[in-house]
Amino acid sequence: MLNHGKVSIHACGAAMVSTLLVLLFAAPSFAGVRLGVELGGNLTSLDYEHLDAISFITSYWDPGSRVCFTGGATAEVHLRGASSLVTGLRYVEYGNRVKLDFPPPFPIAGEFRIAQHYLAVPVLFKLRPFPSKRLSIAAGPEAAVLLNGKMYIDYSTPGFPNSKESITKLLKRTDLSVDVEAGLEFPASKHARLVTLRYTHGLVDVQKKEDWGVAWKTRGAAALVGLRW
């Protein structure tokens, strides 16, 4: 079952990447294709599971979120009426910030941060159902490939050195999410400026189960600005 799940995720990611490449390279031959760029901040967190299994540790955790950078290229393909397909290639970082405060007899305080860096391909169905065609909503899947992962540990307890280590080999190579977004478009000469709010909800555990005592999925709420031709 696990192997079948991994094959399905890789197949989905490969299909989305193929779709993106076809759209981008074919763009000049389609009048209904608009290319663009976007960038912004991503309020990201990791949704932990199975914390009770190691409650003697996680009882002294206080998980929080972090703001990370995200951005990339987009391609919007007009379909019919007020609908279109939006895809692209974007960089996105997911992670969190967890405060530690262990009591005596072994008091340890500080925090650790996880940073997971991905290249992602969304495939979103976009609608403009409102009287103002400047407003839009979109939803669809997003497949991502891991670039690298890091963990940072900063202690406030004297005598414990801070550290940074790679956790790339302890993470799965792919992630699969669902995106929901709302956008507002402002005409600007031959271009269009966009403001977008996007929520990304991870569907699969992204850590390798044999290497961690807990599991987690990615979460992100992004605010972006962009330009579309």
# chains A, B, ... in the order shown; residues from 1 in each chain; ligands from 1

$ residues_around --residues "Phe102 in chain A" --least-positions-apart "5" --cutoff "12 Å" --atoms "only C-alpha atoms" --output "ChimeraX atom specification"
/A:56-62,107-111,155-157

$ select_by_dssp --residues "range 50-89 of chain A" --states "strand (DSSP E or B)" --output "PyMOL selection string"
chain A and resi 61-64+66-80+83-89

$ closest_atom_pairs --of "range 112-155 of chain A" --to "range 179-191 of chain A" --cutoff "9 Å" --atoms "only C-alpha atoms" --output "CSV"
residue,atom,partner,partner_atom,distance
A:Pro122,CA,A:Asp179,CA,7.7
A:Val123,CA,A:Asp179,CA,8.8
A:Leu124,CA,A:Asp179,CA,7.6
A:Lys133,CA,A:Glu185,CA,8.3
A:Arg134,CA,A:Glu185,CA,4.8
A:Leu135,CA,A:Leu184,CA,4.8
A:Ser136,CA,A:Gly183,CA,5.1
A:Ile137,CA,A:Ala182,CA,4.4
A:Ala138,CA,A:Glu181,CA,5.3
A:Ala139,CA,A:Val180,CA,4.4
A:Gly140,CA,A:Asp179,CA,5.5
A:Pro141,CA,A:Asp179,CA,6.0
A:Glu142,CA,A:Asp179,CA,6.7

$ closest_residue --among "A:Gly220, A:Gly213, A:Pro105, A:Gly159" --to "Ser177 in chain A" --atoms "only C-alpha atoms"
A:Gly220

$ atom_distance --atom1 "CA of Ser45 in chain A" --atom2 "CA of Arg113 in chain A"
10.4 Å

$ residues_around --residues "range 92-95 of chain A" --least-positions-apart "5" --cutoff "9 Å" --atoms "only C-alpha atoms" --output "JSON, numbers by chain"
{"A": [42, 43, 44, 45, 46, 65, 66, 67, 68, 69, 70, 71, 72, 113, 114, 115, 116, 117, 118, 119, 120, 144, 218, 219, 220]}

$ select_by_dssp --residues "range 20-205 of chain A" --states "alpha helix (DSSP H)" --output "list in words"
Leu20, Leu21, Val22, Leu23, Leu24, Phe25, Ala26, Ser55, Phe56, Ile57 and Thr58 of chain A

$ residues_around --residues "Gln207 in chain A" --least-positions-apart "5" --cutoff "8 Å" --atoms "only C-alpha atoms" --output "VMD selection string"
chain A and resid 170 to 172 212 215 to 216

$ write_last_selection --atoms "all heavy atoms" --output "PDB file, in the first residue's frame"
ATOM      1  N   LEU A 170      15.786  12.654   5.463  1.00  0.00           N
ATOM      2  CA  LEU A 170      14.770  12.172   6.402  1.00  0.00           C
ATOM      3  C   LEU A 170      13.360  12.577   5.970  1.00  0.00           C
ATOM      4  O   LEU A 170      12.389  12.296   6.682  1.00  0.00           O
ATOM      5  CB  LEU A 170      15.045  12.722   7.802  1.00  0.00           C
ATOM      6  CG  LEU A 170      16.466  12.520   8.347  1.00  0.00           C
ATOM      7  CD1 LEU A 170      16.573  13.090   9.755  1.00  0.00           C
ATOM      8  CD2 LEU A 170      16.837  11.045   8.341  1.00  0.00           C
ATOM      9  N   LEU A 171      13.255  13.248   4.802  1.00  0.00           N
ATOM     10  CA  LEU A 171      11.973  13.699   4.273  1.00  0.00           C
ATOM     11  C   LEU A 171      11.654  12.991   2.972  1.00  0.00           C
ATOM     12  O   LEU A 171      12.552  12.586   2.230  1.00  0.00           O
ATOM     13  CB  LEU A 171      11.997  15.212   4.029  1.00  0.00           C
ATOM     14  CG  LEU A 171      12.279  16.105   5.237  1.00  0.00           C
ATOM     15  CD1 LEU A 171      12.469  17.552   4.782  1.00  0.00           C
ATOM     16  CD2 LEU A 171      11.162  16.003   6.260  1.00  0.00           C
ATOM     17  N   LYS A 172      10.372  12.847   2.667  1.00  0.00           N
ATOM     18  CA  LYS A 172       9.949  12.278   1.389  1.00  0.00           C
ATOM     19  C   LYS A 172      10.269  13.268   0.269  1.00  0.00           C
ATOM     20  O   LYS A 172      10.297  14.475   0.474  1.00  0.00           O
ATOM     21  CB  LYS A 172       8.458  11.960   1.420  1.00  0.00           C
ATOM     22  CG  LYS A 172       8.092  10.864   2.413  1.00  0.00           C
ATOM     23  CD  LYS A 172       6.596  10.598   2.398  1.00  0.00           C
ATOM     24  CE  LYS A 172       6.213   9.527   3.400  1.00  0.00           C
ATOM     25  NZ  LYS A 172       4.748   9.290   3.434  1.00  0.00           N
ATOM     26  N   TRP A 212      11.270   9.318  12.288  1.00  0.00           N
ATOM     27  CA  TRP A 212      10.704  10.302  13.201  1.00  0.00           C
ATOM     28  C   TRP A 212       9.694   9.648  14.135  1.00  0.00           C
ATOM     29  O   TRP A 212       9.032   8.684  13.769  1.00  0.00           O
ATOM     30  CB  TRP A 212      10.001  11.421  12.424  1.00  0.00           C
ATOM     31  CG  TRP A 212      10.892  12.160  11.485  1.00  0.00           C
ATOM     32  CD1 TRP A 212      11.184  11.825  10.192  1.00  0.00           C
ATOM     33  CD2 TRP A 212      11.633  13.354  11.752  1.00  0.00           C
ATOM     34  NE1 TRP A 212      12.041  12.738   9.636  1.00  0.00           N
ATOM     35  CE2 TRP A 212      12.340  13.688  10.569  1.00  0.00           C
ATOM     36  CE3 TRP A 212      11.755  14.180  12.862  1.00  0.00           C
ATOM     37  CZ2 TRP A 212      13.160  14.812  10.490  1.00  0.00           C
ATOM     38  CZ3 TRP A 212      12.565  15.300  12.774  1.00  0.00           C
ATOM     39  CH2 TRP A 212      13.258  15.606  11.590  1.00  0.00           C
ATOM     40  N   ALA A 215       4.497  12.504  12.855  1.00  0.00           N
ATOM     41  CA  ALA A 215       4.259  12.727  11.430  1.00  0.00           C
ATOM     42  C   ALA A 215       3.723  14.144  11.249  1.00  0.00           C
ATOM     43  O   ALA A 215       3.179  14.735  12.184  1.00  0.00           O
ATOM     44  CB  ALA A 215       3.262  11.702  10.896  1.00  0.00           C
ATOM     45  N   TRP A 216       3.882  14.692  10.038  1.00  0.00           N
ATOM     46  CA  TRP A 216       3.330  16.029   9.795  1.00  0.00           C
ATOM     47  C   TRP A 216       3.023  16.259   8.325  1.00  0.00           C
ATOM     48  O   TRP A 216       3.589  15.633   7.441  1.00  0.00           O
ATOM     49  CB  TRP A 216       4.253  17.122  10.321  1.00  0.00           C
ATOM     50  CG  TRP A 216       5.592  17.258   9.641  1.00  0.00           C
ATOM     51  CD1 TRP A 216       5.881  17.973   8.498  1.00  0.00           C
ATOM     52  CD2 TRP A 216       6.837  16.696  10.078  1.00  0.00           C
ATOM     53  NE1 TRP A 216       7.215  17.891   8.216  1.00  0.00           N
ATOM     54  CE2 TRP A 216       7.828  17.118   9.165  1.00  0.00           C
ATOM     55  CE3 TRP A 216       7.201  15.888  11.158  1.00  0.00           C
ATOM     56  CZ2 TRP A 216       9.165  16.738   9.289  1.00  0.00           C
ATOM     57  CZ3 TRP A 216       8.527  15.511  11.282  1.00  0.00           C
ATOM     58  CH2 TRP A 216       9.490  15.938  10.351  1.00  0.00           C
TER      59      TRP A 216
END
